[in-house]
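File shown: work.cif (mmCIF, C-alpha atoms).
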data_final
#
loop_
_atom_site.label_atom_id
_atom_site.label_comp_id
_atom_site.auth_asym_id
_atom_site.auth_seq_id
_atom_site.Cartn_x
_atom_site.Cartn_y
_atom_site.Cartn_z
CA MET A 1 -9.07 25.82 17.82
CA ALA A 2 -6.85 27.19 15.08
CA SER A 3 -8.51 28.35 11.89
CA LYS A 4 -7.38 26.98 8.55
CA TYR A 5 -8.36 30.30 6.99
CA PRO A 6 -5.84 33.13 6.88
CA LEU A 7 -6.70 36.63 8.08
CA ARG A 8 -6.85 38.12 4.59
CA ALA A 9 -9.84 37.08 2.49
CA ASP A 10 -7.94 37.72 -0.74
CA SER A 11 -5.11 35.33 0.16
CA GLU A 12 -4.08 32.86 -2.52
CA HIS A 13 -3.23 30.37 0.24
CA LEU A 14 -6.81 29.88 1.35
CA VAL A 15 -7.48 26.17 1.87
CA LEU A 16 -11.08 25.26 1.17
CA ASP A 17 -12.88 21.98 1.69
CA PRO A 18 -13.93 20.15 -1.49
CA GLY A 19 -17.09 21.66 -2.94
CA VAL A 20 -16.59 24.98 -1.12
CA ARG A 21 -15.75 28.12 -3.03
CA ARG A 22 -14.66 31.58 -2.04
CA VAL A 23 -16.78 34.55 -3.05
CA ALA A 24 -15.75 38.17 -2.55
CA VAL A 25 -18.74 40.34 -1.66
CA THR A 26 -18.50 44.08 -2.17
CA THR A 27 -21.57 46.14 -1.47
CA ALA A 28 -22.29 49.52 0.01
CA SER A 29 -22.63 47.91 3.45
CA THR A 30 -19.45 45.76 3.40
CA ALA A 31 -17.31 48.50 4.93
CA GLU A 32 -19.86 49.08 7.68
CA LEU A 33 -20.06 45.36 8.42
CA GLY A 34 -16.26 45.17 8.68
CA ASP A 35 -16.19 48.20 10.98
CA LEU A 36 -18.93 46.73 13.19
CA ALA A 37 -17.06 43.41 13.45
CA SER A 38 -13.92 45.31 14.41
CA LEU A 39 -15.79 47.32 17.06
CA ARG A 40 -17.27 44.14 18.49
CA ARG A 41 -13.81 42.58 18.75
CA ASP A 42 -12.35 45.68 20.42
CA PHE A 43 -15.10 45.70 23.07
CA ALA A 44 -14.83 41.93 23.61
CA LEU A 45 -11.06 42.15 24.11
CA ALA A 46 -11.39 45.17 26.41
CA ARG A 47 -13.88 43.31 28.57
CA THR A 48 -11.82 40.11 28.62
CA PHE A 49 -8.62 41.94 29.59
CA LEU A 50 -10.49 43.89 32.27
CA ASP A 51 -12.10 40.71 33.63
CA PHE A 52 -8.65 39.07 33.90
CA TYR A 53 -7.32 42.20 35.60
CA LEU A 54 -10.14 42.43 38.14
CA ALA A 55 -9.94 38.68 38.90
CA SER A 56 -6.24 39.02 39.76
CA ASP A 57 -4.56 39.95 43.02
CA ILE A 58 -4.38 43.69 42.29
CA GLU A 59 -3.62 44.66 45.89
CA GLY A 60 -0.83 42.08 46.19
CA ASP A 61 0.88 43.16 42.97
CA ASP A 62 3.91 45.23 43.93
CA THR A 63 6.01 44.68 40.81
CA ILE A 64 6.34 47.74 38.57
CA PRO A 65 5.63 47.25 35.72
CA SER A 66 3.78 43.97 36.06
CA ALA A 67 1.69 41.59 34.02
CA LEU A 68 -1.36 43.11 35.69
CA ASP A 69 -0.33 46.52 34.40
CA ALA A 70 -0.25 44.99 30.92
CA LEU A 71 -3.83 43.75 31.32
CA TRP A 72 -5.00 47.19 32.43
CA VAL A 73 -3.18 48.95 29.57
CA SER A 74 -4.55 46.41 27.09
CA ALA A 75 -8.12 46.90 28.32
CA MET A 76 -7.83 50.69 28.09
CA THR A 77 -6.20 50.50 24.66
CA MET A 78 -8.94 48.31 23.20
CA TYR A 79 -11.70 50.43 24.77
CA GLY A 80 -10.15 53.61 23.40
CA ARG A 81 -9.71 52.10 19.93
CA ALA A 82 -13.46 51.71 19.66
CA TYR A 83 -13.82 55.50 19.91
CA SER A 84 -10.76 56.64 17.97
CA ASN A 85 -10.78 58.33 14.57
CA GLY A 86 -8.50 55.78 12.94
CA GLN A 87 -9.27 53.35 10.14
CA ARG A 88 -12.97 52.91 10.78
CA HIS A 89 -15.12 55.27 8.77
CA ALA A 90 -18.43 53.53 8.17
CA ALA A 91 -19.38 52.64 11.76
CA ARG A 92 -18.62 54.26 15.08
CA ALA A 93 -19.53 53.37 18.63
CA ASP A 94 -22.55 55.34 19.82
CA THR A 95 -22.68 56.96 23.28
CA SER A 96 -26.04 58.74 22.97
CA HIS A 97 -27.70 56.24 25.33
CA LEU A 98 -25.34 56.96 28.25
CA THR A 99 -26.52 58.78 31.36
CA ALA A 100 -24.63 61.90 32.45
CA ALA A 101 -22.67 59.86 35.02
CA GLU A 102 -21.85 57.14 32.47
CA GLU A 103 -20.78 59.79 29.96
CA ALA A 104 -18.46 61.32 32.59
CA ASP A 105 -16.96 57.87 33.30
CA HIS A 106 -16.58 57.24 29.57
CA ARG A 107 -14.76 60.58 29.10
CA TYR A 108 -12.53 59.82 32.09
CA PHE A 109 -11.41 56.46 30.66
CA LEU A 110 -10.86 57.93 27.20
CA ASP A 111 -8.78 60.75 28.69
CA LEU A 112 -6.83 58.22 30.74
CA ARG A 113 -6.17 56.14 27.64
CA ASN A 114 -5.28 59.12 25.47
CA LYS A 115 -3.10 61.05 27.94
CA TYR A 116 -1.29 58.26 29.76
CA ILE A 117 -1.30 55.25 27.43
CA ALA A 118 -1.68 56.22 23.77
CA HIS A 119 -0.03 59.65 23.81
CA PRO A 120 1.87 60.03 27.09
CA VAL A 121 3.61 63.32 27.69
CA ASN A 122 4.45 62.76 31.37
CA GLY A 123 6.56 60.09 33.03
#
Go ahead and render the structure in this file as structure tokens.
Amino acid sequence: MASKYPLRADSEHLVLDPGVRRVAVTTASTAELGDLASLRRDFALARTFLDFYLASDIEGDDTIPSALDALWVSAMTMYGRAYSNGQRHAARADTSHLTAAEEADHRYFLDLRNKYIAHPVNG
């Protein structure tokens, strides 16, 4: 279902139903709320792309590069974004609850994303 609301809240082209008004809210927690919503979307997309990838015929895919490669790269990109030092400043994903094995897996996937997808230096 397509939204009738544009991505930017300050857009002059916002179409509202009769009796509905737009209110801009700026508080100390607005930046954190935006960052948390962004983190949630990154994790949701990473999981969705990974689910599509794992549900596909990985073993039968002999095309290089393939659409399956795109799903894998997309999943790793979105997962890595959640832990990057980019635009988000108020909220960050927390890893303090991970076991030692989970932390090692987490580091592995971040290294994979950083070294081979986001900042490749090798062919």
Given the PyMOL selection byres ((chain A and resi 62-73) around 12) and the file above, list the residues it selects as a ChimeraX atom specification. /A:45-61,74-80,109,112-114,116-118
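Atom CA of A:Tyr83 to atom CA of A:Ala28 spans 22.4 Å [interatomic distance, one decimal].
A straight line drawn from atom CA of A:Thr26 to atom CA of A:Ser84 is 25.0 Å long.
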Determine the residue set returned by the PyMOL selection byres ((chain A and resi 91) around 12) for the present structure, and present it as JSON, numbers by chain. {"A": [29, 30, 31, 32, 33, 34, 35, 36, 37, 38, 39, 40, 82, 83, 84, 85, 86, 87, 88, 89, 90, 92, 93, 94]}
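Atom CA of A:Asp111 is positioned 18.3 Å from atom CA of A:Ser96.
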